[in-house]
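Report on one structure; see the data block that follows.
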Amino acid sequence: MSSTEQGTSSAAPAEPTTAPESAAAPEVPESFYYVHGKDKVVHKVSAGALQHSALIHGMISNLGYTEEQAKANPFPFENIDGDILQMVVDWCNQHKGKPTPPEDTNLPKQKEKLFDLVLAVNYLEIKELLTYCCKQVAMMVKGKSPEEIREIWMIPTDAEDEAAEKEAKKRAGKEAAGETAAAAGDAK
Amino acid sequence: MSLSKQERPEDRLSALDFLGGHQKIKASKKSSLQHAIGVKSFFGLNIKQFFTSRIGKPADAKIKEGEKYAIIEKSFCESDDEQFPWLALPDDLRETIVHKMPLQSRINLAATSKDERDFVKNMKVTCKLFAIEDLAIRSTNIRRYPGLFDKVYAHFGKKYFVNFLCDWQHDIAICFCEQVRPFKVATKVYWLSPLGIVKKTIVPGVSAYDLAVQTARDFFKLLTDDCKKSSVALSGWPKDVFEIPELRKSHTIGSCYDEVESLHKTLDFFKPYSFDCYMHKTSIKYMWPFSFYYVARHGVPGWFRMKTKDHALSNQMLEKDIQIMILHDTLISVESMNDFMRRWQNGQISEKFCWWAISTVMDVEVEEVIDQLNVIFVEEKYGPKYNFSKRASKKSKPPQMVRMARYDIQSTVNRNAYGTIIVRDNMVMFGNAGCAPKVDERGLLTYASKSSVHEIQF
């Protein structure tokens with residue numbers, strides 16, 4: 001091969017030269033891992049499904065977890081509610097080895113659950129699901145007025161903000177005064 | 001700036017308002033300077049009114065408490081009463097969510113509170129395409145907005161187009177049309193509202209060109225550093241445009257040239273950044289990381305309309321510190337190409353150099369190309385001569401076959417350094433071994449960039 005061809009050969013798609021061999025090779029049994037959330041309920045998840053989560057995938061590949069070790073010590077996610085983790089696991093199982101569709105309509109409609117889901121998915125680094133969730137959150141306020149957005153997203157008004165700031169300052173001042181008084185008392 | 005009669009208050013919620021809102025936020029303490037700045041600042045004045053009344057200062061007082069809750073209740077009667085603790089989300093997540101919002105939702109979010117306004121204001125926008133074009137030179141981008149195009153097309157006089165495709169799901173497309181009025185200049189501004197309706201405003205006392213450039217500069221302040229694609233089609237790259245620093249960070253910059261001198265000017269401007277650039281018809285594109293220069297074939301012979309001095313300027317293109325360069329139908333002489341190869345052979349060419357491919361309007365003799373060079377013949381192939389004329393393709397004549405010869409060239413300074421020379425018809429390709437593109441016998445040049453694989457027909 002000439003140098004010219006070598007220069008661009010990387011751009012060309014790899015030819016499936018090993019395809020017949022791989023077709024003949026025996027199927028490798030799928031390995032499973034275990035995770036649990038705040039409720040300590042253990043969920044069994046296939047390695048393929050866990051590929052979606054960059055965090056878990058990194059843990060498996062970096063720590064060299066075997067299936068037996070994983071069974072004995074499930075991945076603990078104490079900061080994730082059990083039902084939310086179940087939701088995430090279900091989504092990963094559903095989309096295992098499949099191209100993700102442009103939209104996902106199965107996400108929870110309840111705002112509180114969606115909030116927990118967004119945080120969980122962000123923590124677990126599931127990029128595709130996070131995109132869906134963020135879209136869902138963004139759509140929550142589509143066509144809404146500023147007042148409505150403020151109500152839905154619990155955003156305080158400037159006046160409320162200022163009042164809260166004043167109160168916080170007052171409280172801090174009182175606490176500081178209390179501390180100095182206590183220190184003076186101790187000194188006496 | 002006064003509002004035109006056609007404009008209703010609710011129409012102010014537009015791309016211009018968004019821009020003006022940002023201008024206002026940034027320039028709110030500079031009102032005394034407005035006269036000094038000149039008439040341009042009046043461009044944002046009506047926008048300021050919008051943002052004064054809406055952004056950050058929602059008209060809560062106008063709505064009675066009871067009414068407000070009634071509205072909210074009505075809006076959400078079908079959904080649950082739960083709330084979403086937006087402020088409890090980490091900042092990066094909030095940013096990701098805002099990036100998925102349409103423009104109008106962003107504006108409304110910015111209006112909820114001062115903190116949110118700052119958050120939205122400080123959040124940069126990812127820009128997929130920026131275009132600032134003189135419509136007399138290029139009108140391909142505006143044609144994507146037929147409504148806007150129809151309005152502007154009928155307009156007499158100078159017309160400029162500013163366009164941003166951003167991640168807020170609403171294109172910013174604005175046209176500035178110069179109005180000819182006795183004793184004063186005015187500009188008619190047409191823009192797309194977030195609903196896709198074309199709106200109109202008249203800005204007195206400022207030329208369409210100044211307003212277009214100023215708008216482009218203002219928009220750039222909202223964007224992230226990596227604007228992916230820019231298209232500048234203004235005659236001869238005016239100084240104002242050079243002064244947009246963000247433009248240098250674009251992955252691809254397109255421009256328009258009608259003479260080689262401007263081309264040199266641009267090459268020198270981007271020199272510290274080294275650029276990829278390629279030309280299509282009368283436009284030129286620079287591709288990040290700016291190492292590549294390409295002038296594409298034009299359907300009309302003599303498109304480059306070179307002046308006498310352009311012969312010399314064309315040859316000087318090979319004296320630039322280039323990495324990749326593609327030139328179609330140029331006046332670069334075979335002697336210049338041969339000289340470049342000799343300099344490469346003698347180790348006088350920068351190590352950054354990858355390859356160039358040049359076709360000329362003159363005949364190319366292989367012997368002249370490799371004259372006095374230390375070359376080794378590798379192979380020869382025959383393929384059909386490429387004819388870009390549509391008329392010619394309709395003829396039933398069999399295509400003329402042309403020879404493609406490939407040579408390897410060895411550096412006299414570094415014995416491990418090899419180069420490749422390909423001569424096909426009136427095209428010469430020369431490159432460092434390993435970086436050179438693939439050229440097939442039909443004259444199709446294939447090379448890979450960071451973004452994708454490109455094909456160019458010679």
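So you can find residues: chains in the structure tokens are A, B, ... in the order shown, residues in each start at 1, and ligands are numbered from 1 in order.
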Interface, chain A side, toward chain B (8 Å; only C-alpha atoms) as a ChimeraX atom specification: /A:3-8,11,110-112,115,119,122,134-135,137-139,141-158
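The space between CA of Lys128 (chain B) and CA of Leu444 (chain B) spans 28.5 Å.
Distance-wise, CA of Cys177 (chain B) and CA of Asp226 (chain B) end up 29.3 Å apart.
Take the candidates B:Thr187, B:Glu380, B:Asp167, B:Lys385 and check each one against Leu129 (chain B) using only C-alpha atoms; the shortest distance goes to B:Asp167.
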Helix (DSSP H, G or I) positions in region 39-108 of chain A, given as JSON, numbers by chain: {"A": [47, 48, 49, 50, 54, 55, 56, 57, 58, 59, 60, 61, 62, 63, 67, 68, 69, 70, 71, 72, 82, 83, 84, 85, 86, 87, 88, 89, 90, 91, 92, 93, 94]}
Grab the CA of Ala168 (chain A) to CA of Ala181 (chain A) distance for me, in Å with one decimal place.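 Separating CA of Ala168 (chain A) from CA of Ala181 (chain A) is a distance of 19.6 Å.
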